[in-house]
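**Student:** For reference, this is input_39.txt, and it has compact mmCIF, C-alpha atoms.
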```txt
# COMPACT_ATOMS: atom_id res chain seq x y z
CA MET A 1 2.12 -9.72 24.57
CA LEU A 2 -0.87 -10.32 22.28
CA LYS A 3 -2.62 -13.57 23.19
CA VAL A 4 -4.00 -15.16 20.01
CA GLY A 5 -6.58 -17.86 19.43
CA ILE A 6 -6.55 -19.67 16.08
CA ILE A 7 -9.68 -21.25 14.60
CA GLY A 8 -8.60 -23.82 12.01
CA VAL A 9 -5.20 -25.50 11.92
CA GLY A 10 -5.21 -27.19 8.53
CA SER A 11 -2.23 -26.66 6.23
CA MET A 12 -2.48 -22.85 6.22
CA GLY A 13 -3.64 -22.57 9.83
CA THR A 14 -0.73 -24.72 10.99
CA GLN A 15 1.74 -22.48 9.20
CA HIS A 16 0.13 -19.41 10.76
CA PHE A 17 0.34 -21.10 14.17
CA LEU A 18 4.05 -21.86 13.77
CA ARG A 19 4.65 -18.36 12.42
CA LEU A 20 3.02 -16.73 15.44
CA MET A 21 4.84 -19.02 17.87
CA ASN A 22 8.31 -18.76 16.32
CA LYS A 23 8.65 -15.70 14.10
CA ILE A 24 6.30 -12.93 15.14
CA HIS A 25 7.37 -10.58 17.91
CA GLY A 26 4.83 -9.40 20.47
CA ALA A 27 2.35 -12.25 19.95
CA THR A 28 1.82 -15.82 21.09
CA VAL A 29 -0.87 -18.41 20.56
CA THR A 30 -2.77 -19.41 23.71
CA ALA A 31 -5.53 -21.57 22.19
CA VAL A 32 -6.55 -23.36 18.99
CA SER A 33 -9.79 -24.89 17.75
CA ASP A 34 -10.36 -27.28 14.87
CA ILE A 35 -12.95 -29.85 13.83
CA ASN A 36 -10.10 -32.39 13.67
CA GLU A 37 -9.22 -32.58 17.37
CA ALA A 38 -6.53 -35.22 16.93
CA HIS A 39 -4.65 -33.20 14.32
CA ALA A 40 -4.96 -29.97 16.31
CA LYS A 41 -3.56 -31.63 19.43
CA GLU A 42 -0.69 -33.02 17.36
CA VAL A 43 0.12 -29.52 16.08
CA ILE A 44 0.18 -27.95 19.54
CA ALA A 45 1.85 -30.90 21.33
CA PRO A 46 5.34 -29.28 21.34
CA TYR A 47 3.85 -26.16 22.95
CA PRO A 48 2.41 -27.08 26.38
CA THR A 49 1.12 -23.55 27.05
CA VAL A 50 -1.33 -23.78 24.12
CA ARG A 51 -4.80 -25.17 24.90
CA PHE A 52 -7.22 -26.96 22.61
CA ILE A 53 -10.78 -25.57 22.79
CA ALA A 54 -13.29 -27.63 20.83
CA ASP A 55 -15.93 -24.91 20.47
CA PRO A 56 -14.75 -21.95 18.31
CA ILE A 57 -17.28 -19.62 19.96
CA ALA A 58 -15.85 -20.54 23.36
CA LEU A 59 -12.36 -19.82 22.06
CA ILE A 60 -13.44 -16.36 20.87
CA ASN A 61 -14.95 -15.60 24.29
CA ASP A 62 -12.04 -17.02 26.27
CA PRO A 63 -10.44 -14.40 28.57
CA GLU A 64 -6.97 -15.67 27.62
CA VAL A 65 -7.61 -14.77 23.97
CA ASP A 66 -7.08 -11.12 23.00
CA ALA A 67 -7.30 -11.59 19.24
CA VAL A 68 -8.60 -14.23 16.85
CA VAL A 69 -7.13 -15.71 13.65
CA ILE A 70 -9.83 -17.29 11.47
CA VAL A 71 -8.55 -19.97 9.09
CA SER A 72 -11.58 -22.28 9.22
CA ILE A 73 -13.77 -23.28 6.28
CA ASP A 74 -15.13 -20.35 4.29
CA SER A 75 -18.76 -20.77 5.38
CA THR A 76 -17.84 -20.10 9.03
CA HIS A 77 -15.95 -16.81 8.64
CA GLU A 78 -18.98 -14.56 8.91
CA GLU A 79 -20.23 -16.16 12.15
CA TYR A 80 -16.84 -16.03 13.86
CA CYS A 81 -16.17 -12.45 12.77
CA LEU A 82 -19.53 -11.32 14.14
CA GLU A 83 -18.88 -13.07 17.45
CA ALA A 84 -15.40 -11.55 17.79
CA ILE A 85 -16.77 -8.09 16.98
CA LYS A 86 -19.34 -8.54 19.77
CA CYS A 87 -16.45 -9.35 22.11
CA GLY A 88 -14.45 -6.34 20.90
CA LYS A 89 -11.51 -8.55 19.88
CA TYR A 90 -9.11 -7.98 17.02
CA ILE A 91 -9.52 -10.33 14.06
CA PHE A 92 -7.26 -11.68 11.36
CA CYS A 93 -9.59 -13.31 8.82
CA GLU A 94 -8.41 -15.30 5.85
CA LYS A 95 -10.46 -14.78 2.72
CA PRO A 96 -13.35 -14.67 2.18
CA LEU A 97 -14.98 -12.42 4.76
CA SER A 98 -18.22 -14.32 4.11
CA ALA A 99 -19.59 -16.83 1.65
CA SER A 100 -21.75 -14.06 0.14
CA ALA A 101 -21.77 -10.31 -0.35
CA GLU A 102 -24.86 -10.10 1.85
CA GLY A 103 -23.04 -11.84 4.69
CA ALA A 104 -19.94 -9.67 4.23
CA LYS A 105 -22.10 -6.56 4.49
CA LYS A 106 -23.45 -7.81 7.84
CA VAL A 107 -19.88 -8.01 9.12
CA VAL A 108 -19.06 -4.51 7.83
CA ASP A 109 -22.23 -3.09 9.38
CA ALA A 110 -21.43 -4.74 12.72
CA GLU A 111 -17.90 -3.37 12.73
CA ILE A 112 -19.10 0.15 11.90
CA ALA A 113 -21.79 -0.08 14.58
CA GLY A 114 -19.09 -1.06 17.09
CA GLY A 115 -17.20 2.12 16.26
CA LYS A 116 -13.75 0.51 15.91
CA ARG A 117 -11.93 -1.25 13.11
CA LEU A 118 -11.08 -4.73 14.33
CA ILE A 119 -10.69 -6.81 11.16
CA GLN A 120 -7.61 -7.35 9.02
CA MET A 121 -8.20 -9.51 5.95
CA GLY A 122 -5.56 -12.05 4.95
CA PHE A 123 -4.86 -10.65 1.48
CA ASN A 124 -1.13 -11.13 1.89
CA ARG A 125 0.07 -9.82 -1.47
CA ARG A 126 -0.26 -6.29 -0.12
CA PHE A 127 2.81 -7.18 1.97
CA ASP A 128 4.83 -8.80 -0.83
CA PRO A 129 7.84 -6.57 -1.66
CA ALA A 130 7.49 -7.10 -5.42
CA TYR A 131 3.80 -6.14 -5.41
CA GLU A 132 4.58 -3.14 -3.19
CA GLU A 133 7.19 -1.99 -5.71
CA LEU A 134 4.77 -2.50 -8.59
CA LYS A 135 2.03 -0.53 -6.85
CA ALA A 136 4.38 2.31 -5.93
CA LEU A 137 5.43 2.67 -9.57
CA VAL A 138 1.86 2.60 -10.89
CA VAL A 139 0.49 5.13 -8.41
CA SER A 140 3.51 7.43 -8.80
CA GLY A 141 2.25 8.47 -12.24
CA LYS A 142 5.71 8.06 -13.77
CA LEU A 143 4.25 5.78 -16.44
CA GLY A 144 1.05 7.78 -16.92
CA ALA A 145 -2.42 6.50 -16.13
CA PRO A 146 -2.95 2.71 -16.03
CA LEU A 147 -5.08 1.48 -18.93
CA VAL A 148 -5.01 -2.33 -18.94
CA ALA A 149 -3.65 -5.06 -16.69
CA HIS A 150 -3.07 -8.75 -17.28
CA CYS A 151 -2.58 -11.17 -14.40
CA ALA A 152 -2.46 -14.91 -13.88
CA HIS A 153 -2.93 -17.20 -10.89
CA ARG A 154 -1.83 -20.76 -11.63
CA ASN A 155 -1.80 -23.65 -9.20
CA ALA A 156 -0.06 -26.89 -10.08
CA ASN A 157 -2.70 -29.22 -8.74
CA TYR A 158 -5.95 -28.92 -6.78
CA PRO A 159 -8.22 -31.63 -5.34
CA ALA A 160 -11.22 -32.96 -7.26
CA GLN A 161 -13.78 -31.14 -5.10
CA TYR A 162 -12.50 -27.78 -6.41
CA ASP A 163 -15.26 -26.45 -8.68
CA ASP A 164 -16.26 -23.28 -10.55
CA VAL A 165 -17.48 -21.57 -7.40
CA VAL A 166 -14.24 -22.13 -5.50
CA ALA A 167 -12.20 -21.13 -8.56
CA VAL A 168 -13.69 -17.66 -8.04
CA THR A 169 -14.16 -17.43 -4.26
CA GLY A 170 -10.94 -19.25 -3.40
CA THR A 171 -8.56 -18.28 -6.21
CA ALA A 172 -9.74 -15.36 -8.35
CA ILE A 173 -10.54 -13.44 -5.16
CA HIS A 174 -6.78 -12.91 -4.65
CA GLU A 175 -6.45 -11.19 -8.02
CA ILE A 176 -9.66 -9.22 -7.41
CA ASP A 177 -8.39 -7.71 -4.16
CA THR A 178 -4.82 -7.27 -5.38
CA MET A 179 -5.76 -5.41 -8.55
CA ALA A 180 -8.28 -3.15 -6.79
CA TRP A 181 -5.56 -2.25 -4.28
CA LEU A 182 -2.84 -1.91 -6.89
CA VAL A 183 -4.69 0.57 -9.11
CA GLY A 184 -6.67 2.24 -6.29
CA ASP A 185 -10.09 1.69 -7.83
CA TYR A 186 -13.16 -0.49 -7.50
CA PHE A 187 -14.90 -2.63 -10.11
CA THR A 188 -18.14 -1.86 -11.93
CA LYS A 189 -18.35 -4.81 -14.36
CA ALA A 190 -17.31 -8.46 -14.35
CA GLN A 191 -17.40 -11.31 -16.84
CA VAL A 192 -16.12 -14.86 -16.66
CA ILE A 193 -15.11 -16.53 -19.93
CA PHE A 194 -14.62 -20.28 -20.29
CA PRO A 195 -11.91 -21.11 -22.86
CA LYS A 196 -11.12 -24.65 -23.98
CA CYS A 197 -10.91 -26.85 -20.89
CA SER A 198 -7.63 -28.53 -19.97
CA ARG A 199 -7.56 -32.34 -19.87
CA HIS A 200 -6.15 -31.99 -16.34
CA SER A 201 -9.41 -30.61 -14.93
CA LYS A 202 -10.54 -33.18 -12.37
CA ASN A 203 -14.15 -32.14 -11.87
CA GLU A 204 -16.99 -31.93 -14.39
CA ASN A 205 -18.13 -28.85 -12.45
CA LEU A 206 -14.81 -27.09 -12.97
CA HIS A 207 -13.91 -25.20 -16.14
CA ASP A 208 -10.15 -24.93 -16.01
CA PRO A 209 -8.71 -22.47 -16.94
CA GLN A 210 -11.06 -19.48 -16.69
CA ILE A 211 -10.63 -15.83 -17.66
CA VAL A 212 -12.10 -13.17 -15.37
CA MET A 213 -12.57 -9.79 -17.06
CA LEU A 214 -13.00 -6.78 -14.77
CA THR A 215 -13.69 -3.11 -15.51
CA THR A 216 -12.89 -0.40 -12.97
CA SER A 217 -14.86 2.77 -12.32
CA SER A 218 -12.28 4.73 -14.37
CA GLY A 219 -12.68 2.39 -17.36
CA MET A 220 -9.50 0.38 -16.87
CA VAL A 221 -9.81 -3.27 -18.01
CA ILE A 222 -8.15 -6.13 -16.14
CA SER A 223 -7.91 -9.72 -17.37
CA CYS A 224 -7.26 -12.43 -14.78
CA GLU A 225 -6.36 -15.95 -15.85
CA ILE A 226 -7.30 -18.57 -13.27
CA TRP A 227 -5.81 -22.03 -13.84
CA VAL A 228 -5.85 -24.33 -10.81
CA ASN A 229 -4.48 -27.52 -12.38
CA CYS A 230 -1.72 -26.23 -14.66
CA GLN A 231 0.55 -29.10 -13.47
CA TYR A 232 3.92 -27.43 -14.02
CA ALA A 233 4.24 -25.10 -10.97
CA TYR A 234 2.71 -22.41 -8.77
CA ASP A 235 2.97 -19.34 -10.96
CA ILE A 236 1.82 -15.75 -10.32
CA ARG A 237 2.04 -13.05 -13.00
CA CYS A 238 0.99 -9.44 -13.38
CA GLU A 239 1.63 -6.71 -15.94
CA VAL A 240 0.15 -3.21 -15.95
CA LEU A 241 -0.02 -1.25 -19.21
CA CYS A 242 0.11 2.52 -18.69
CA GLU A 243 0.02 5.48 -21.05
CA ASP A 244 3.81 5.84 -21.12
CA GLY A 245 5.11 2.34 -20.42
CA THR A 246 4.51 -0.99 -18.76
CA ALA A 247 5.31 -2.42 -15.33
CA THR A 248 5.67 -6.16 -14.78
CA LEU A 249 5.80 -8.18 -11.57
CA PRO A 250 9.25 -9.81 -11.31
CA ARG A 251 9.53 -13.58 -11.08
CA PRO A 252 11.02 -14.97 -7.84
CA SER A 253 14.76 -15.56 -7.99
CA ARG A 254 15.73 -19.20 -8.57
CA VAL A 255 19.03 -20.94 -9.19
CA ASP A 256 20.07 -20.93 -12.85
CA VAL A 257 20.94 -24.52 -13.81
CA CYS A 258 22.77 -25.92 -16.84
CA THR A 259 22.84 -29.69 -17.20
CA ASN A 260 22.62 -32.34 -19.92
CA GLN A 261 22.36 -29.76 -22.73
CA THR A 262 19.48 -28.09 -20.85
CA HIS A 263 19.26 -24.64 -19.28
CA TYR A 264 16.53 -23.88 -16.72
CA LYS A 265 15.52 -22.09 -13.53
CA GLY A 266 13.58 -23.97 -10.88
CA MET A 267 10.00 -23.18 -9.84
CA THR A 268 7.82 -24.28 -6.93
CA THR A 269 4.40 -25.85 -6.38
CA ASP A 270 4.19 -24.43 -2.85
CA GLY A 271 1.98 -21.34 -2.80
CA LEU A 272 2.41 -20.84 0.96
CA GLY A 273 6.18 -20.91 0.54
CA TYR A 274 6.04 -18.65 -2.52
CA PHE A 275 4.58 -15.85 -0.39
CA ALA A 276 6.25 -16.81 2.92
CA GLU A 277 7.85 -13.39 3.38
CA ALA A 278 4.55 -11.64 2.71
CA TYR A 279 2.80 -13.83 5.31
CA ASP A 280 5.50 -13.03 7.87
CA ARG A 281 5.24 -9.30 7.21
CA GLU A 282 1.44 -9.17 7.32
CA PHE A 283 1.26 -11.05 10.63
CA GLN A 284 3.95 -8.87 12.19
CA ALA A 285 2.05 -5.78 11.04
CA TRP A 286 -1.17 -7.23 12.50
CA ALA A 287 0.44 -8.02 15.86
CA ASP A 288 2.06 -4.58 16.04
CA ALA A 289 -1.25 -2.85 15.26
CA CYS A 290 -3.21 -4.93 17.80
CA ASN A 291 -0.65 -4.22 20.51
CA ALA A 292 -0.89 -0.51 19.68
CA GLY A 293 -4.70 -0.67 19.96
CA THR A 294 -5.29 0.26 16.33
CA TYR A 295 -5.40 -1.25 12.83
CA CYS A 296 -2.77 -1.67 10.13
CA LYS A 297 -3.26 0.93 7.39
CA ALA A 298 -1.34 -1.16 4.85
CA ALA A 299 -3.64 -4.16 5.27
CA ALA A 300 -6.97 -5.05 3.70
CA SER A 301 -9.97 -4.03 5.81
CA ALA A 302 -13.40 -5.55 6.26
CA TRP A 303 -14.59 -3.13 3.56
CA ASP A 304 -12.00 -4.61 1.16
CA GLY A 305 -13.31 -8.04 2.08
CA TYR A 306 -16.83 -6.85 1.29
CA CYS A 307 -15.74 -5.40 -2.06
CA ALA A 308 -14.11 -8.70 -2.96
CA ALA A 309 -17.31 -10.56 -2.01
CA VAL A 310 -19.52 -8.28 -4.13
CA THR A 311 -17.18 -8.76 -7.08
CA THR A 312 -16.99 -12.55 -6.70
CA ASP A 313 -20.81 -12.70 -6.49
CA SER A 314 -20.97 -10.91 -9.87
CA CYS A 315 -18.37 -13.30 -11.30
CA LEU A 316 -20.41 -16.30 -10.17
CA LYS A 317 -23.46 -14.78 -11.80
CA SER A 318 -21.51 -14.32 -15.02
CA GLN A 319 -20.34 -17.95 -14.93
CA LYS A 320 -23.97 -18.94 -15.34
CA SER A 321 -25.15 -16.19 -17.69
CA GLY A 322 -22.02 -15.79 -19.81
CA ALA A 323 -22.79 -12.07 -19.84
CA ILE A 324 -21.07 -8.99 -18.49
CA GLU A 325 -22.56 -8.47 -15.04
CA ALA A 326 -22.71 -5.25 -13.03
CA VAL A 327 -20.69 -5.05 -9.82
CA PRO A 328 -22.83 -2.95 -7.46
CA LEU A 329 -20.10 -1.18 -5.51
CA THR A 330 -19.96 2.38 -4.23
CA ASP A 331 -17.26 4.66 -2.84
CA ARG A 332 -15.50 3.62 0.36
CA PRO A 333 -17.26 4.82 3.55
CA ASP A 334 -15.43 7.41 5.66
CA PHE A 335 -15.10 4.79 8.44
CA TYR A 336 -12.66 2.87 6.19
CA ILE A 337 -10.65 5.81 4.88
CA ASP A 338 -7.25 6.11 6.57
```
Now that the file is in, can you turn its structure into structure tokens?

**Tutor:**
Amino acid sequence: MLKVGIIGVGSMGTQHFLRLMNKIHGATVTAVSDINEAHAKEVIAPYPTVRFIADPIALINDPEVDAVVIVSIDSTHEEYCLEAIKCGKYIFCEKPLSASAEGAKKVVDAEIAGGKRLIQMGFNRRFDPAYEELKALVVSGKLGAPLVAHCAHRNANYPAQYDDVVAVTGTAIHEIDTMAWLVGDYFTKAQVIFPKCSRHSKNENLHDPQIVMLTTSSGMVISCEIWVNCQYAYDIRCEVLCEDGTATLPRPSRVDVCTNQTHYKGMTTDGLGYFAEAYDREFQAWADACNAGTYCKAAASAWDGYCAAVTTDSCLKSQKSGAIEAVPLTDRPDFYID
């Protein structure tokens, strides 16, 4: 049985905690840490075998913790990953790997120096059945080579502190990793375009929506619409244009309703619920891999986390310059080739 310590039990961390305690086979949570001690103790209260450890570093080093789930604030991910690597413990790290590409590279270098892949990034769309089907079709070559892709990431409502930086590092990063994985390529150019701003944008430091334009090493162009206060629902879209056809991500099934001369299908504002199956599958895959003493080949690696960080750094640079910025990525090292 894999004994897991969780750092961060906010909304996402709490769901991961409950998932590991109630849904995932071969794993259990033995300790949690969070800056909000009262909330953390409330979360674990129904589970008397789970301990609260105030210091995250102490949790990582605890002998009753075999593996660490990092769901703390973004600025702490690098430090906790480096500590867990030193301890030789498996890591599930929610995005980002680090607050900067430089920091992400330190984590990659440490993992390579340790000689064993320990990190699985929490890019859960790789485990979503619809995205898996879309990727399989694109890479099969049945539609010819991919040329262009359009995707959208829309959140109904985000708090006022959400700004341009977080729009990239907290939202666009999902599309960045997903599209690199889906088409099997890395990015060489990035540009962020600010269209007319919605009246629903809550922060003078947030342009909402934004368009992220990415170019791959093969010349494919990908447009990503990021809209974090669209109001109407949580909405994810993706379409890939290939030489001989197109492939489009299906919308989640919802009840078809007719009432009062109106016809509609329901949507949701719950992003965690939207991808609930993908979260379950990625955590089961992580637990299975850890128990087998290896890593999950289907999951995002530390190198993927680094690639996402390099790309987001270029996007942030473009936000300020308005120009097309280079993304200084190279081919994947042998250490990260399955």

**Student:** Give me the residues near segment 313-316 of chain A as a PDB file with C-alpha atoms, keeping the file's coordinate frame, where near means some atom within 10 Å (using all atoms listed in the file) and where sequence neighbours in that chain fewer than 6 positions away do not count.

**Tutor:**
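Result went into out26.pdb, see below:
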```
ATOM      1  CA  ALA A  99     -19.590 -16.830   1.650  1.00  0.00           C
ATOM      2  CA  SER A 100     -21.750 -14.060   0.140  1.00  0.00           C
ATOM      3  CA  ALA A 101     -21.770 -10.310  -0.350  1.00  0.00           C
ATOM      4  CA  GLU A 102     -24.860 -10.100   1.850  1.00  0.00           C
ATOM      5  CA  ASP A 164     -16.260 -23.280 -10.550  1.00  0.00           C
ATOM      6  CA  VAL A 165     -17.480 -21.570  -7.400  1.00  0.00           C
ATOM      7  CA  VAL A 166     -14.240 -22.130  -5.500  1.00  0.00           C
ATOM      8  CA  ALA A 167     -12.200 -21.130  -8.560  1.00  0.00           C
ATOM      9  CA  VAL A 168     -13.690 -17.660  -8.040  1.00  0.00           C
ATOM     10  CA  THR A 169     -14.160 -17.430  -4.260  1.00  0.00           C
ATOM     11  CA  ALA A 172      -9.740 -15.360  -8.350  1.00  0.00           C
ATOM     12  CA  ILE A 173     -10.540 -13.440  -5.160  1.00  0.00           C
ATOM     13  CA  THR A 188     -18.140  -1.860 -11.930  1.00  0.00           C
ATOM     14  CA  LYS A 189     -18.350  -4.810 -14.360  1.00  0.00           C
ATOM     15  CA  ALA A 190     -17.310  -8.460 -14.350  1.00  0.00           C
ATOM     16  CA  GLN A 191     -17.400 -11.310 -16.840  1.00  0.00           C
ATOM     17  CA  VAL A 192     -16.120 -14.860 -16.660  1.00  0.00           C
ATOM     18  CA  ILE A 193     -15.110 -16.530 -19.930  1.00  0.00           C
ATOM     19  CA  VAL A 212     -12.100 -13.170 -15.370  1.00  0.00           C
ATOM     20  CA  MET A 213     -12.570  -9.790 -17.060  1.00  0.00           C
ATOM     21  CA  LEU A 214     -13.000  -6.780 -14.770  1.00  0.00           C
ATOM     22  CA  CYS A 307     -15.740  -5.400  -2.060  1.00  0.00           C
ATOM     23  CA  GLY A 322     -22.020 -15.790 -19.810  1.00  0.00           C
ATOM     24  CA  ALA A 323     -22.790 -12.070 -19.840  1.00  0.00           C
ATOM     25  CA  ILE A 324     -21.070  -8.990 -18.490  1.00  0.00           C
ATOM     26  CA  GLU A 325     -22.560  -8.470 -15.040  1.00  0.00           C
ATOM     27  CA  ALA A 326     -22.710  -5.250 -13.030  1.00  0.00           C
ATOM     28  CA  VAL A 327     -20.690  -5.050  -9.820  1.00  0.00           C
ATOM     29  CA  PRO A 328     -22.830  -2.950  -7.460  1.00  0.00           C
TER      30      PRO A 328
END
```

**Student:** Could you jot down the atom CA of Pro129 of chain A to atom CA of Glu277 of chain A separation for me, Å, one decimal place?

**Tutor:**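 If I compute the distance from atom CA of Pro129 of chain A to atom CA of Glu277 of chain A, I get 8.5 Å.
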
**Student:** So which one's closest to Gly13 of chain A, A:Gly122, A:Gly305, A:Pro209, A:Pro46? Using all atoms listed in the file, please.

**Tutor:**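 Of A:Gly122, A:Gly305, A:Pro209, A:Pro46, the one nearest Gly13 of chain A, counting all atoms listed in the file, is A:Gly122.
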
**Student:** Using only C-alpha atoms, can you tell me which of A:Ala247, A:Val228, A:Ala54, A:Val221 comes closest to Ala136 of chain A?

**Tutor:** A:Ala247

**Student:** Hey, what's within 12 Å of Gly10 of chain A if we count only C-alpha atoms and toss same-chain stuff fewer than 5 positions away? As a VMD selection string, please?

**Tutor:** chain A and resid 15 to 18 32 to 43 70 to 73

**Student:** Which residues are near Asp280 of chain A? Cut-off 9 Å, only C-alpha atoms, ignore same chain within fewer than 3 positions. Put them as a list of chain:residue names.

**Tutor:**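 Selected residues are A:His16, A:Arg19, A:Leu20, A:Lys23, A:Ile24, A:Phe127, A:Phe275, A:Ala276, A:Glu277, A:Phe283, A:Gln284, A:Ala285.
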
**Student:** Residues of the last selection are to be written out with C-alpha atoms, as a PDB file, in the coordinates of the input.

**Tutor:**
```
ATOM      1  CA  HIS A  16       0.130 -19.410  10.760  1.00  0.00           C
ATOM      2  CA  ARG A  19       4.650 -18.360  12.420  1.00  0.00           C
ATOM      3  CA  LEU A  20       3.020 -16.730  15.440  1.00  0.00           C
ATOM      4  CA  LYS A  23       8.650 -15.700  14.100  1.00  0.00           C
ATOM      5  CA  ILE A  24       6.300 -12.930  15.140  1.00  0.00           C
ATOM      6  CA  PHE A 127       2.810  -7.180   1.970  1.00  0.00           C
ATOM      7  CA  PHE A 275       4.580 -15.850  -0.390  1.00  0.00           C
ATOM      8  CA  ALA A 276       6.250 -16.810   2.920  1.00  0.00           C
ATOM      9  CA  GLU A 277       7.850 -13.390   3.380  1.00  0.00           C
ATOM     10  CA  PHE A 283       1.260 -11.050  10.630  1.00  0.00           C
ATOM     11  CA  GLN A 284       3.950  -8.870  12.190  1.00  0.00           C
ATOM     12  CA  ALA A 285       2.050  -5.780  11.040  1.00  0.00           C
TER      13      ALA A 285
END
```

**Student:** Skipping near chain neighbours, those fewer than 5 positions away, what residues fall within 10 Å of Ala298 of chain A using all atoms listed in the file, listed as an mmCIF file with C-alpha atoms, in the coordinates of the input?

**Tutor:**
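Result went into around.cif, see below:
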```
data_model
loop_
_atom_site.group_PDB
_atom_site.id
_atom_site.type_symbol
_atom_site.label_atom_id
_atom_site.label_comp_id
_atom_site.auth_asym_id
_atom_site.auth_seq_id
_atom_site.Cartn_x
_atom_site.Cartn_y
_atom_site.Cartn_z
ATOM 1 C CA GLN A 120 -7.610 -7.350 9.020
ATOM 2 C CA ARG A 126 -0.260 -6.290 -0.120
ATOM 3 C CA PHE A 127 2.810 -7.180 1.970
ATOM 4 C CA GLU A 282 1.440 -9.170 7.320
ATOM 5 C CA ALA A 285 2.050 -5.780 11.040
ATOM 6 C CA TRP A 286 -1.170 -7.230 12.500
ATOM 7 C CA ASP A 338 -7.250 6.110 6.570
#
```

**Student:** Under the rule that all atoms listed in the file are counted, which of A:Met220, A:Ala58, A:Cys296, A:Met121 is the nearest residue to Gly184 of chain A?

**Tutor:**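 Result for the nearest residue to Gly184 of chain A: A:Met220.
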
**Student:** Considering only C-alpha atoms, state which residue in the set A:Glu133, A:Glu64, A:Asp74, A:Glu94 is at the smallest distance from Thr248 of chain A.

**Tutor:** A:Glu133

**Student:** Might you pull out every residue within 6 Å of Leu182 of chain A, with only C-alpha atoms counted and same-chain residues fewer than 3 positions away left off, and present them as a ChimeraX atom specification?

**Tutor:** /A:135,178-179

**Student:** Considering only C-alpha atoms, state which residue in the set A:Lys297, A:His263, A:Arg254, A:His150 is at the smallest distance from Ile226 of chain A.

**Tutor:**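 Of all the options, A:His150 lies closest to Ile226 of chain A.
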
**Student:** Which of these residues is nearest to Val310 of chain A, using all atoms listed in the file: A:Lys196, A:Arg154, A:Lys3, A:Lys105?

**Tutor:**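 Of A:Lys196, A:Arg154, A:Lys3, A:Lys105, the one nearest Val310 of chain A is A:Lys105, counting all atoms listed in the file.
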
**Student:** One number please: atom CA of Thr246 of chain A to atom CA of Cys224 of chain A, in Å, one decimal.

**Tutor:** 16.9 Å

**Student:** One decimal, Å: what's the distance from atom CA of Thr268 of chain A over to atom CA of Asp235 of chain A, could you say?

**Tutor:**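 Computed distance, atom CA of Thr268 of chain A to atom CA of Asp235 of chain A, equals 8.0 Å.
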